[in-house]
file upload.cif (mmCIF, C-alpha atoms)
data_input
loop_
_atom_site.label_atom_id
_atom_site.label_comp_id
_atom_site.auth_asym_id
_atom_site.auth_seq_id
_atom_site.Cartn_x
_atom_site.Cartn_y
_atom_site.Cartn_z
CA MET A 18 -13.85 70.16 11.19
CA ARG A 19 -15.48 68.23 14.02
CA ASP A 20 -14.76 64.53 14.51
CA ALA A 21 -15.75 61.74 16.88
CA VAL A 22 -13.23 60.04 19.15
CA ILE A 23 -13.60 57.26 21.70
CA VAL A 24 -12.25 58.26 25.10
CA ASP A 25 -12.84 54.93 26.82
CA ALA A 26 -14.94 51.78 26.73
CA VAL A 27 -15.95 49.04 29.14
CA ARG A 28 -18.05 45.90 29.21
CA THR A 29 -19.32 43.42 31.73
CA PRO A 30 -18.30 39.78 31.64
CA VAL A 31 -20.92 38.04 29.51
CA ALA A 32 -23.21 35.61 31.33
CA LYS A 33 -25.40 32.70 30.28
CA GLY A 34 -28.77 34.11 29.27
CA LYS A 35 -30.95 31.59 31.04
CA ALA A 36 -32.09 30.53 34.49
CA GLY A 37 -29.06 30.01 36.68
CA GLY A 38 -26.88 32.35 34.62
CA GLY A 39 -24.61 34.79 36.37
CA TYR A 40 -26.95 37.77 35.94
CA ALA A 41 -30.33 36.05 36.03
CA HIS A 42 -31.02 37.74 39.36
CA ILE A 43 -30.12 41.23 38.09
CA HIS A 44 -32.68 43.54 36.49
CA PRO A 45 -31.51 44.60 32.99
CA VAL A 46 -31.74 48.28 33.94
CA ASP A 47 -29.28 47.65 36.78
CA LEU A 48 -26.98 45.59 34.54
CA HIS A 49 -26.94 48.38 31.97
CA ALA A 50 -26.41 50.97 34.71
CA HIS A 51 -23.31 49.13 35.90
CA ALA A 52 -21.63 49.56 32.50
CA LEU A 53 -22.55 53.27 32.45
CA ARG A 54 -21.34 53.83 36.01
CA SER A 55 -18.09 51.97 35.34
CA LEU A 56 -17.46 54.00 32.19
CA LEU A 57 -17.96 57.34 33.94
CA ALA A 58 -15.53 56.30 36.67
CA ARG A 59 -12.81 55.69 34.06
CA VAL A 60 -12.82 59.25 32.67
CA PRO A 61 -10.95 61.68 34.94
CA GLY A 62 -12.59 65.00 35.66
CA LEU A 63 -15.84 64.20 33.88
CA ASP A 64 -18.94 65.71 35.42
CA PRO A 65 -21.83 63.38 34.48
CA ALA A 66 -23.98 66.46 33.88
CA GLU A 67 -21.79 67.21 30.86
CA VAL A 68 -23.06 64.14 29.01
CA ASP A 69 -25.38 65.36 26.26
CA ASP A 70 -27.12 62.04 25.66
CA VAL A 71 -26.98 58.32 26.39
CA ILE A 72 -27.79 56.25 23.31
CA GLY A 73 -28.34 52.61 24.13
CA GLY A 74 -29.18 49.52 22.13
CA ALA A 75 -31.64 46.81 23.17
CA VAL A 76 -33.41 44.21 21.05
CA ALA A 77 -36.24 42.85 23.22
CA GLN A 78 -37.82 46.15 24.21
CA VAL A 79 -40.58 44.61 26.24
CA GLY A 80 -41.17 43.87 29.92
CA GLU A 81 -38.11 44.75 31.97
CA GLN A 82 -36.36 46.16 28.88
CA SER A 83 -39.24 48.38 27.79
CA THR A 84 -40.20 52.04 28.31
CA ASN A 85 -36.94 53.50 26.98
CA THR A 86 -34.73 51.26 29.08
CA THR A 87 -31.63 53.38 28.36
CA ARG A 88 -33.14 56.41 30.07
CA LEU A 89 -33.94 54.27 33.09
CA ALA A 90 -30.39 52.88 33.11
CA ALA A 91 -28.97 56.42 33.06
CA LEU A 92 -31.07 57.30 36.10
CA ALA A 93 -30.10 54.04 37.80
CA ALA A 94 -26.42 54.84 37.15
CA GLY A 95 -26.81 58.13 38.99
CA LEU A 96 -26.55 60.46 36.02
CA PRO A 97 -28.34 63.78 36.62
CA GLU A 98 -31.99 63.95 35.61
CA SER A 99 -30.96 66.54 33.00
CA VAL A 100 -29.12 63.85 30.97
CA PRO A 101 -31.48 62.28 28.43
CA GLY A 102 -31.40 58.74 27.08
CA VAL A 103 -32.78 56.96 24.04
CA THR A 104 -33.05 53.30 23.07
CA VAL A 105 -32.23 52.04 19.58
CA ASP A 106 -33.46 48.85 17.90
CA ARG A 107 -31.33 47.76 14.96
CA GLN A 108 -31.73 44.19 16.18
CA CYS A 109 -28.33 42.60 16.88
CA GLY A 110 -26.60 45.77 15.66
CA SER A 111 -28.46 48.02 18.10
CA SER A 112 -25.48 49.23 20.13
CA GLN A 113 -23.24 49.40 17.07
CA GLN A 114 -25.88 51.69 15.61
CA ALA A 115 -25.87 53.61 18.90
CA LEU A 116 -22.14 54.14 18.37
CA SER A 117 -22.79 55.41 14.83
CA PHE A 118 -25.54 57.77 16.00
CA ALA A 119 -23.25 59.09 18.75
CA ALA A 120 -20.45 59.76 16.25
CA GLN A 121 -22.85 61.40 13.78
CA GLY A 122 -24.22 63.66 16.52
CA LEU A 123 -20.71 64.77 17.49
CA ILE A 124 -19.67 65.48 13.92
CA ALA A 125 -22.90 67.39 13.27
CA GLY A 126 -22.47 69.51 16.38
CA ALA A 127 -25.49 68.16 18.23
CA TYR A 128 -23.30 66.69 20.98
CA ASP A 129 -20.01 67.47 22.68
CA ILE A 130 -19.90 64.44 25.00
CA VAL A 131 -22.09 61.38 24.46
CA ILE A 132 -22.33 57.76 25.59
CA ALA A 133 -23.07 54.81 23.28
CA SER A 134 -24.08 51.64 25.09
CA GLY A 135 -26.12 48.45 24.97
CA ILE A 136 -27.94 45.90 27.09
CA GLU A 137 -29.56 42.51 26.72
CA SER A 138 -30.81 40.27 29.48
CA MET A 139 -31.92 37.13 27.69
CA SER A 140 -32.38 35.32 30.98
CA ARG A 141 -35.09 37.77 32.09
CA VAL A 142 -36.43 38.89 28.70
CA PRO A 143 -36.13 35.77 26.51
CA ILE A 144 -35.34 35.98 22.82
CA GLY A 145 -38.48 36.51 20.78
CA SER A 146 -40.38 38.16 23.64
CA SER A 147 -41.07 41.26 21.56
CA ALA A 148 -43.08 39.21 19.06
CA LEU A 149 -45.37 37.65 21.65
CA VAL A 150 -48.88 38.84 22.39
CA GLY A 151 -50.56 37.02 25.25
CA GLY A 152 -47.98 34.27 24.93
CA VAL A 153 -48.75 33.70 21.24
CA ARG A 154 -46.35 34.71 18.48
CA ALA A 155 -47.76 37.65 16.54
CA ASP A 156 -47.50 38.31 12.81
CA VAL A 157 -44.97 41.13 12.99
CA ALA A 158 -44.45 41.41 9.22
CA GLY A 159 -47.96 41.93 7.90
CA ALA A 160 -49.61 41.06 4.61
CA SER A 161 -47.53 43.28 2.34
CA VAL A 162 -44.25 41.72 3.43
CA ALA A 163 -45.80 38.26 3.05
CA ALA A 164 -46.85 39.18 -0.48
CA ARG A 165 -43.34 40.36 -1.34
CA TYR A 166 -41.75 37.22 0.14
CA PRO A 167 -44.10 34.30 -0.56
CA GLY A 168 -43.77 31.69 2.13
CA GLY A 169 -42.75 34.35 4.62
CA LEU A 170 -39.47 35.19 6.28
CA VAL A 171 -37.42 32.51 8.01
CA PRO A 172 -35.72 31.96 11.37
CA GLN A 173 -32.07 33.04 11.53
CA GLY A 174 -30.93 29.45 11.99
CA VAL A 175 -32.46 28.54 8.64
CA SER A 176 -30.72 31.53 7.07
CA ALA A 177 -27.44 30.23 8.53
CA GLU A 178 -28.14 26.86 6.90
CA LEU A 179 -28.86 28.49 3.53
CA ILE A 180 -25.57 30.37 3.81
CA ALA A 181 -23.67 27.17 4.60
CA ARG A 182 -25.24 25.54 1.55
CA LYS A 183 -24.56 28.46 -0.83
CA TRP A 184 -20.91 28.75 0.20
CA ALA A 185 -20.44 24.96 0.34
CA LEU A 186 -19.33 25.03 3.96
CA SER A 187 -18.93 21.63 5.58
CA ARG A 188 -19.98 20.63 9.07
CA THR A 189 -16.30 20.14 9.88
CA GLN A 190 -15.51 23.71 8.84
CA LEU A 191 -18.29 25.08 11.04
CA ASP A 192 -17.22 23.04 14.04
CA GLU A 193 -13.53 23.84 13.58
CA PHE A 194 -14.38 27.54 13.48
CA ALA A 195 -16.41 27.23 16.69
CA ALA A 196 -13.67 25.31 18.48
CA THR A 197 -11.15 27.99 17.46
CA SER A 198 -13.40 30.68 18.91
CA HIS A 199 -13.46 28.94 22.29
CA ARG A 200 -9.73 28.31 22.21
CA ARG A 201 -8.91 31.93 21.38
CA ALA A 202 -11.28 33.33 24.01
CA ALA A 203 -9.93 31.03 26.71
CA GLU A 204 -6.38 32.06 25.80
CA ALA A 205 -7.34 35.75 25.89
CA TRP A 206 -8.61 35.37 29.45
CA ARG A 207 -5.63 33.25 30.48
CA THR A 208 -3.16 35.87 29.26
CA GLY A 209 -5.06 38.85 30.67
CA ARG A 210 -6.08 40.41 27.37
CA PHE A 211 -9.62 41.11 28.55
CA ALA A 212 -8.69 42.46 31.98
CA ALA A 213 -8.60 46.15 31.02
CA GLU A 214 -11.95 46.13 29.21
CA VAL A 215 -14.05 44.28 31.77
CA ALA A 216 -15.83 45.63 34.84
CA PRO A 217 -17.13 42.72 36.99
CA VAL A 218 -20.66 43.21 38.28
CA PRO A 219 -21.10 43.54 42.06
CA GLY A 220 -23.37 40.87 43.44
CA ALA A 221 -22.55 38.46 40.64
CA GLU A 222 -19.91 35.79 41.15
CA LEU A 223 -18.75 36.07 37.57
CA ALA A 224 -15.19 37.13 36.86
CA ARG A 225 -15.07 35.85 33.27
CA ASP A 226 -17.34 35.29 30.29
CA GLU A 227 -19.53 32.39 31.33
CA THR A 228 -20.07 30.52 28.05
CA ILE A 229 -16.42 29.99 27.10
CA ARG A 230 -15.53 26.29 27.12
CA PRO A 231 -11.74 25.88 27.14
CA ASP A 232 -11.98 22.14 26.55
CA THR A 233 -14.23 22.40 23.47
CA SER A 234 -12.89 20.52 20.47
CA THR A 235 -14.01 19.82 16.94
CA GLU A 236 -14.51 16.19 17.91
CA ARG A 237 -16.85 17.07 20.78
CA LEU A 238 -18.85 19.48 18.63
CA THR A 239 -19.29 16.83 15.96
CA GLY A 240 -21.65 14.91 18.25
CA LEU A 241 -24.21 17.70 18.54
CA PRO A 242 -27.44 17.40 16.52
CA ALA A 243 -28.56 19.92 13.92
CA ALA A 244 -30.63 22.59 15.65
CA PHE A 245 -32.96 23.74 12.87
CA ALA A 246 -33.73 20.66 10.77
CA ASP A 247 -37.36 20.73 9.66
CA GLU A 248 -39.07 19.15 6.66
CA HIS A 249 -41.03 22.37 6.15
CA TRP A 250 -37.87 24.21 5.13
CA THR A 251 -36.63 21.32 3.02
CA HIS A 252 -39.93 21.42 1.13
CA ARG A 253 -39.54 25.17 0.57
CA PHE A 254 -35.84 25.46 -0.23
CA GLY A 255 -34.92 22.01 -1.46
CA GLU A 256 -32.43 19.58 0.01
CA ILE A 257 -30.47 21.00 2.95
CA ASP A 258 -27.65 19.10 4.59
CA TRP A 259 -28.47 20.32 8.07
CA LYS A 260 -25.26 21.23 9.89
CA VAL A 261 -25.91 24.32 12.06
CA THR A 262 -25.89 23.26 15.72
CA ALA A 263 -25.95 24.87 19.14
CA GLY A 264 -22.18 24.36 19.15
CA ASN A 265 -21.39 26.36 16.01
CA SER A 266 -23.92 29.10 16.83
CA SER A 267 -23.83 31.86 19.43
CA PRO A 268 -25.50 31.04 22.77
CA LEU A 269 -28.11 33.02 24.72
CA ASN A 270 -26.49 35.66 26.91
CA ASP A 271 -26.77 38.60 29.29
CA GLY A 272 -24.39 41.55 29.24
CA SER A 273 -23.87 45.28 28.82
CA ALA A 274 -21.19 47.61 27.45
CA ALA A 275 -20.62 51.34 27.05
CA LEU A 276 -18.31 53.81 25.30
CA LEU A 277 -17.72 57.52 25.93
CA LEU A 278 -17.25 59.67 22.83
CA THR A 279 -16.34 63.31 22.32
CA THR A 280 -14.51 65.46 19.76
CA SER A 281 -10.75 65.80 19.50
CA GLU A 282 -11.06 69.46 20.44
CA THR A 283 -13.02 68.71 23.61
CA ALA A 284 -10.62 65.90 24.50
CA ARG A 285 -7.63 68.22 24.17
CA ARG A 286 -9.29 70.90 26.25
CA ARG A 287 -10.15 68.41 28.99
CA GLY A 288 -6.79 66.66 28.99
CA TRP A 289 -8.26 63.32 27.87
CA ARG A 290 -6.29 60.95 25.65
CA PRO A 291 -8.75 59.48 23.16
CA ARG A 292 -8.06 55.87 22.25
CA ALA A 293 -9.45 55.89 18.72
CA ARG A 294 -11.36 57.86 16.14
CA VAL A 295 -14.59 56.67 14.55
CA HIS A 296 -13.26 56.79 11.02
CA THR A 297 -16.23 55.60 8.96
CA ALA A 298 -19.55 53.93 9.69
CA THR A 299 -22.31 52.60 7.48
CA VAL A 300 -25.37 50.40 7.46
CA VAL A 301 -26.90 48.42 4.58
CA GLY A 302 -29.94 46.34 3.78
CA ASP A 303 -29.72 42.92 2.16
CA ASP A 304 -31.85 39.89 1.28
CA PRO A 305 -34.05 39.21 4.36
CA ILE A 306 -34.24 35.48 3.55
CA PHE A 307 -30.48 34.96 3.62
CA MET A 308 -30.71 37.73 6.24
CA LEU A 309 -27.20 37.42 7.72
CA THR A 310 -25.14 38.10 4.59
CA GLY A 311 -25.48 41.88 4.90
CA ILE A 312 -22.03 42.05 6.47
CA ILE A 313 -20.53 41.36 3.03
CA PRO A 314 -21.93 44.47 1.25
CA ALA A 315 -21.60 46.46 4.49
CA THR A 316 -17.87 45.73 4.56
CA ALA A 317 -17.50 46.69 0.90
CA LYS A 318 -19.43 49.92 1.46
CA VAL A 319 -17.57 51.04 4.57
CA LEU A 320 -14.19 50.36 2.93
CA ALA A 321 -15.20 52.31 -0.17
CA ARG A 322 -16.38 55.26 1.91
CA ALA A 323 -13.19 55.17 3.96
CA GLY A 324 -10.96 54.97 0.88
CA LEU A 325 -9.38 51.81 2.26
CA SER A 326 -8.95 48.22 1.10
CA ILE A 327 -9.37 45.02 3.05
CA SER A 328 -5.56 44.77 3.31
CA ASP A 329 -5.43 48.14 5.09
CA ILE A 330 -7.40 46.75 8.02
CA ASP A 331 -5.23 45.40 10.81
CA VAL A 332 -7.86 43.56 12.85
CA PHE A 333 -11.51 42.60 12.47
CA GLU A 334 -14.35 41.89 14.86
CA VAL A 335 -17.10 40.05 12.98
CA ASN A 336 -20.02 38.98 15.11
CA GLU A 337 -20.21 35.20 15.32
CA ALA A 338 -23.97 34.80 15.27
CA PHE A 339 -23.26 31.56 13.40
CA ALA A 340 -19.99 30.12 12.16
CA SER A 341 -21.34 29.97 8.60
CA VAL A 342 -21.86 33.74 8.56
CA VAL A 343 -18.23 34.60 9.34
CA LEU A 344 -16.84 31.91 7.04
CA ALA A 345 -18.95 33.17 4.12
CA TRP A 346 -17.81 36.74 4.88
CA GLN A 347 -14.16 35.63 4.90
CA ALA A 348 -14.61 33.84 1.59
CA GLU A 349 -16.12 36.91 -0.06
CA THR A 350 -13.85 39.60 1.41
CA GLY A 351 -10.56 37.72 1.39
CA ALA A 352 -9.84 38.85 4.96
CA ASP A 353 -6.99 37.04 6.67
CA PRO A 354 -8.55 34.62 9.21
CA ALA A 355 -5.61 35.27 11.54
CA LYS A 356 -6.83 38.86 11.92
CA VAL A 357 -10.48 38.00 12.55
CA ASN A 358 -11.79 37.70 16.11
CA VAL A 359 -8.32 37.11 17.48
CA ASN A 360 -9.68 36.91 21.05
CA GLY A 361 -12.52 34.64 20.07
CA GLY A 362 -16.02 35.73 19.19
CA ALA A 363 -19.66 35.42 20.11
CA ILE A 364 -19.75 31.63 19.76
CA ALA A 365 -17.52 31.52 22.83
CA ILE A 366 -17.77 34.91 24.53
CA GLY A 367 -21.51 35.19 23.96
CA HIS A 368 -23.99 37.36 22.10
CA PRO A 369 -26.07 39.56 24.43
CA LEU A 370 -27.94 40.94 21.44
CA GLY A 371 -28.40 44.66 22.15
CA ALA A 372 -25.00 44.92 23.84
CA SER A 373 -22.94 43.05 21.27
CA GLY A 374 -22.04 45.99 19.03
CA ALA A 375 -20.66 47.95 21.99
CA ARG A 376 -18.91 44.81 23.25
CA LEU A 377 -17.23 44.28 19.88
CA ALA A 378 -16.08 47.90 19.78
CA THR A 379 -14.67 47.62 23.30
CA THR A 380 -12.76 44.47 22.41
CA LEU A 381 -11.61 45.91 19.08
CA LEU A 382 -10.01 48.87 20.87
CA GLY A 383 -7.99 46.54 23.07
CA VAL A 384 -6.85 44.38 20.18
CA LEU A 385 -5.68 47.39 18.18
CA GLU A 386 -3.71 48.71 21.13
CA ARG A 387 -2.15 45.37 21.94
CA THR A 388 -1.11 44.68 18.36
CA GLY A 389 -0.17 48.25 17.45
CA GLY A 390 -2.57 48.24 14.51
CA ARG A 391 -4.01 51.40 13.01
CA TYR A 392 -7.37 50.39 11.56
CA GLY A 393 -9.98 48.04 12.99
CA LEU A 394 -13.24 47.03 11.33
CA GLN A 395 -16.26 45.56 13.05
CA THR A 396 -19.40 44.33 11.37
CA MET A 397 -22.64 42.81 12.59
CA CYS A 398 -25.36 40.81 10.84
CA GLU A 399 -28.90 41.65 11.93
CA ALA A 400 -32.40 40.20 11.77
CA GLY A 401 -34.40 41.42 8.82
CA GLY A 402 -31.38 41.54 6.50
CA THR A 403 -29.50 44.63 7.66
CA ALA A 404 -25.88 45.00 8.74
CA ASN A 405 -23.65 47.65 10.29
CA ALA A 406 -19.96 48.12 9.55
CA THR A 407 -17.66 50.51 11.39
CA ILE A 408 -13.99 51.37 10.99
CA ILE A 409 -12.10 52.85 13.93
CA GLU A 410 -8.61 54.29 13.79
CA ARG A 411 -6.30 53.90 16.76
CA LEU A 412 -4.80 57.17 17.97
CA ASP A 413 -1.21 57.33 19.21
CA THR A 414 -0.83 58.27 22.84
#

call {"tool": "encode", "arguments": {"input": "upload.cif", "output": "structure tokens"}}
result
Amino acid sequence: MRDAVIVDAVRTPVAKGKAGGGYAHIHPVDLHAHALRSLLARVPGLDPAEVDDVIGGAVAQVGEQSTNTTRLAALAAGLPESVPGVTVDRQCGSSQQALSFAAQGLIAGAYDIVIASGIESMSRVPIGSSALVGGVRADVAGASVAARYPGGLVPQGVSAELIARKWALSRTQLDEFAATSHRRAAEAWRTGRFAAEVAPVPGAELARDETIRPDTSTERLTGLPAAFADEHWTHRFGEIDWKVTAGNSSPLNDGSAALLLTTSETARRRGWRPRARVHTATVVGDDPIFMLTGIIPATAKVLARAGLSISDIDVFEVNEAFASVVLAWQAETGADPAKVNVNGGAIAIGHPLGASGARLATTLLGVLERTGGRYGLQTMCEAGGTANATIIERLDT
């Protein structure tokens, strides 16, 4: 029976996704190409022509990230013209979905060697660019969706507020979670935990993730104003104690990441030591108003398919789009907070949308190896009310 194993993985340091950020001068195709090139260099004896496909995630597929940006990145990385590429849009879960598609292709026999990757350059292709026509925000949902959801869909920040209200999460809880993320990420860099997974980008003076603030504290975060307070939403949803801020949300970021996958049989034949097996992967849909709660049913579904319980999972990577999302997930799943985002999460490290799923998988591999754990689970909330969940199993070397 064919399987899917991860041979290696790499990511760039994550930069601020705005003017003056570490990668603001780098075209997203070139940033993506760097992750691909770095990955290929880490696999001994690999002829790039052997890669059957490059599956890449990107959210804002417009402007410099348009026209099948993954194919362009493969060419920019020097892969032969015979190697195809395709770009996936599962919103924030795009590169996690790329990982799932890569694994499915291997198991089905469509691939023998495949790359899953992701890119987002929010400094050069700002968030929301895909929904703009002539500089004006377009109606991307249409009349039928509006009829199904009277009042329309909502911004993610409002969804994060609704989640905080439903799970009775206090502002202090949100800010404490955010401060912990920064503290853990800073400690991970200080102790060298990220060193093996990161490939610094030539021409960018950025050796570490740029949005980590080692001196962040709950007290400092308390002074930040609510980011999404608006009487329009209060009128629609009732009283909201606005508490989601820039400090307890993920920032805007640039970054890329990539993983090389193959089958156990191919790895043995080539003398490669795979680091982990893609054990189980799933994706779910959920309420598009609450939008970001899909990680709760996604976690339940992937565990059920895997025949595992939450206590069987040694470490978790749960994307920190907003602190309220992860705290609600913890409350519903009963996951041990000490096992969740042990090296910090997106609030500190950053959330380069289309690259985040691949970044989480890269970090998850390192955490499993450092801790000696067997199973790792990553999950990602996504715009529109979908969510991916993936379980990987560390392989002994």

call {"tool": "residues_around", "arguments": {"input": "upload.cif", "residues": "range 228-231 of chain A", "least_positions_apart": "5", "cutoff": "9 Å", "atoms": "all atoms listed in the file", "output": "ChimeraX atom specification"}}
result
/A:31-33,196,198-204,268,270,364-367

call {"tool": "write_last_selection", "arguments": {"input": "upload.cif", "atoms": "C-alpha atoms", "output": "PDB file, in the frame of the given file"}}
result
ATOM      1  CA  VAL A  31     -20.920  38.040  29.510  1.00  0.00           C
ATOM      2  CA  ALA A  32     -23.210  35.610  31.330  1.00  0.00           C
ATOM      3  CA  LYS A  33     -25.400  32.700  30.280  1.00  0.00           C
ATOM      4  CA  ALA A 196     -13.670  25.310  18.480  1.00  0.00           C
ATOM      5  CA  SER A 198     -13.400  30.680  18.910  1.00  0.00           C
ATOM      6  CA  HIS A 199     -13.460  28.940  22.290  1.00  0.00           C
ATOM      7  CA  ARG A 200      -9.730  28.310  22.210  1.00  0.00           C
ATOM      8  CA  ARG A 201      -8.910  31.930  21.380  1.00  0.00           C
ATOM      9  CA  ALA A 202     -11.280  33.330  24.010  1.00  0.00           C
ATOM     10  CA  ALA A 203      -9.930  31.030  26.710  1.00  0.00           C
ATOM     11  CA  GLU A 204      -6.380  32.060  25.800  1.00  0.00           C
ATOM     12  CA  PRO A 268     -25.500  31.040  22.770  1.00  0.00           C
ATOM     13  CA  ASN A 270     -26.490  35.660  26.910  1.00  0.00           C
ATOM     14  CA  ILE A 364     -19.750  31.630  19.760  1.00  0.00           C
ATOM     15  CA  ALA A 365     -17.520  31.520  22.830  1.00  0.00           C
ATOM     16  CA  ILE A 366     -17.770  34.910  24.530  1.00  0.00           C
ATOM     17  CA  GLY A 367     -21.510  35.190  23.960  1.00  0.00           C
TER      18      GLY A 367
END

call {"tool": "atom_distance", "arguments": {"input": "upload.cif", "atom1": "CA of Ala26 in chain A", "atom2": "CA of Pro219 in chain A"}}
result
18.5 Å

call {"tool": "resolve_selection", "arguments": {"input": "upload.cif", "expression": "the PyMOL selection byres ((chain A and resi 71) around 12)", "output": "PyMOL selection string"}}
result
chain A and resi 49-50+52-53+56-57+65-70+72-74+85-92+94+96-105+112+115-116+118-119+122+128+130-135+275-278

call {"tool": "atom_distance", "arguments": {"input": "upload.cif", "atom1": "CA of Thr235 in chain A", "atom2": "CA of Pro30 in chain A"}}
result
25.2 Å

call {"tool": "closest_residue", "arguments": {"input": "upload.cif", "among": "A:Asp258, A:Glu227, A:Asp129, A:Glu399", "to": "Glu282 in chain A", "atoms": "only C-alpha atoms"}}
result
A:Asp129

call {"tool": "residues_near_point", "arguments": {"input": "upload.cif", "point": "(-34.5, 47.5, 22.3)", "cutoff": "7 Å", "atoms": "all atoms listed in the file", "output": "ChimeraX atom specification"}}
result
/A:74-78,82,104-106,371

call {"tool": "atom_distance", "arguments": {"input": "upload.cif", "atom1": "CA of Arg19 in chain A", "atom2": "CA of Thr297 in chain A"}}
result
13.6 Å

call {"tool": "build_atoms", "arguments": {"input": "upload.cif", "residues": "range 261-272 of chain A", "atoms": "N, CA and C atoms", "output": "short mmCIF file (atom, residue, chain, number, x, y, z; two decimals), in the frame of the given file"}}
result
data_model
loop_
_atom_site.label_atom_id
_atom_site.label_comp_id
_atom_site.auth_asym_id
_atom_site.auth_seq_id
_atom_site.Cartn_x
_atom_site.Cartn_y
_atom_site.Cartn_z
N VAL A 261 -26.01 23.27 11.05
CA VAL A 261 -25.91 24.32 12.06
C VAL A 261 -26.41 23.76 13.39
N THR A 262 -25.58 23.83 14.42
CA THR A 262 -25.89 23.26 15.72
C THR A 262 -25.76 24.33 16.80
N ALA A 263 -26.15 23.96 18.01
CA ALA A 263 -25.95 24.87 19.14
C ALA A 263 -24.47 25.15 19.34
N GLY A 264 -23.62 24.21 18.94
CA GLY A 264 -22.18 24.36 19.15
C GLY A 264 -21.50 25.32 18.19
N ASN A 265 -22.01 25.44 16.96
CA ASN A 265 -21.39 26.36 16.01
C ASN A 265 -22.27 27.60 15.79
N SER A 266 -23.11 27.90 16.79
CA SER A 266 -23.92 29.10 16.83
C SER A 266 -23.62 29.85 18.12
N SER A 267 -24.00 31.11 18.18
CA SER A 267 -23.83 31.86 19.43
C SER A 267 -24.88 31.41 20.44
N PRO A 268 -24.55 31.44 21.73
CA PRO A 268 -25.50 31.04 22.77
C PRO A 268 -26.41 32.21 23.16
N LEU A 269 -27.28 31.97 24.14
CA LEU A 269 -28.11 33.02 24.72
C LEU A 269 -27.34 33.65 25.87
N ASN A 270 -27.37 35.00 25.94
CA ASN A 270 -26.49 35.66 26.91
C ASN A 270 -27.08 36.93 27.51
N ASP A 271 -26.51 37.32 28.64
CA ASP A 271 -26.77 38.60 29.29
C ASP A 271 -25.47 39.40 29.31
N GLY A 272 -25.58 40.72 29.13
CA GLY A 272 -24.39 41.55 29.24
C GLY A 272 -24.68 42.99 28.87
#
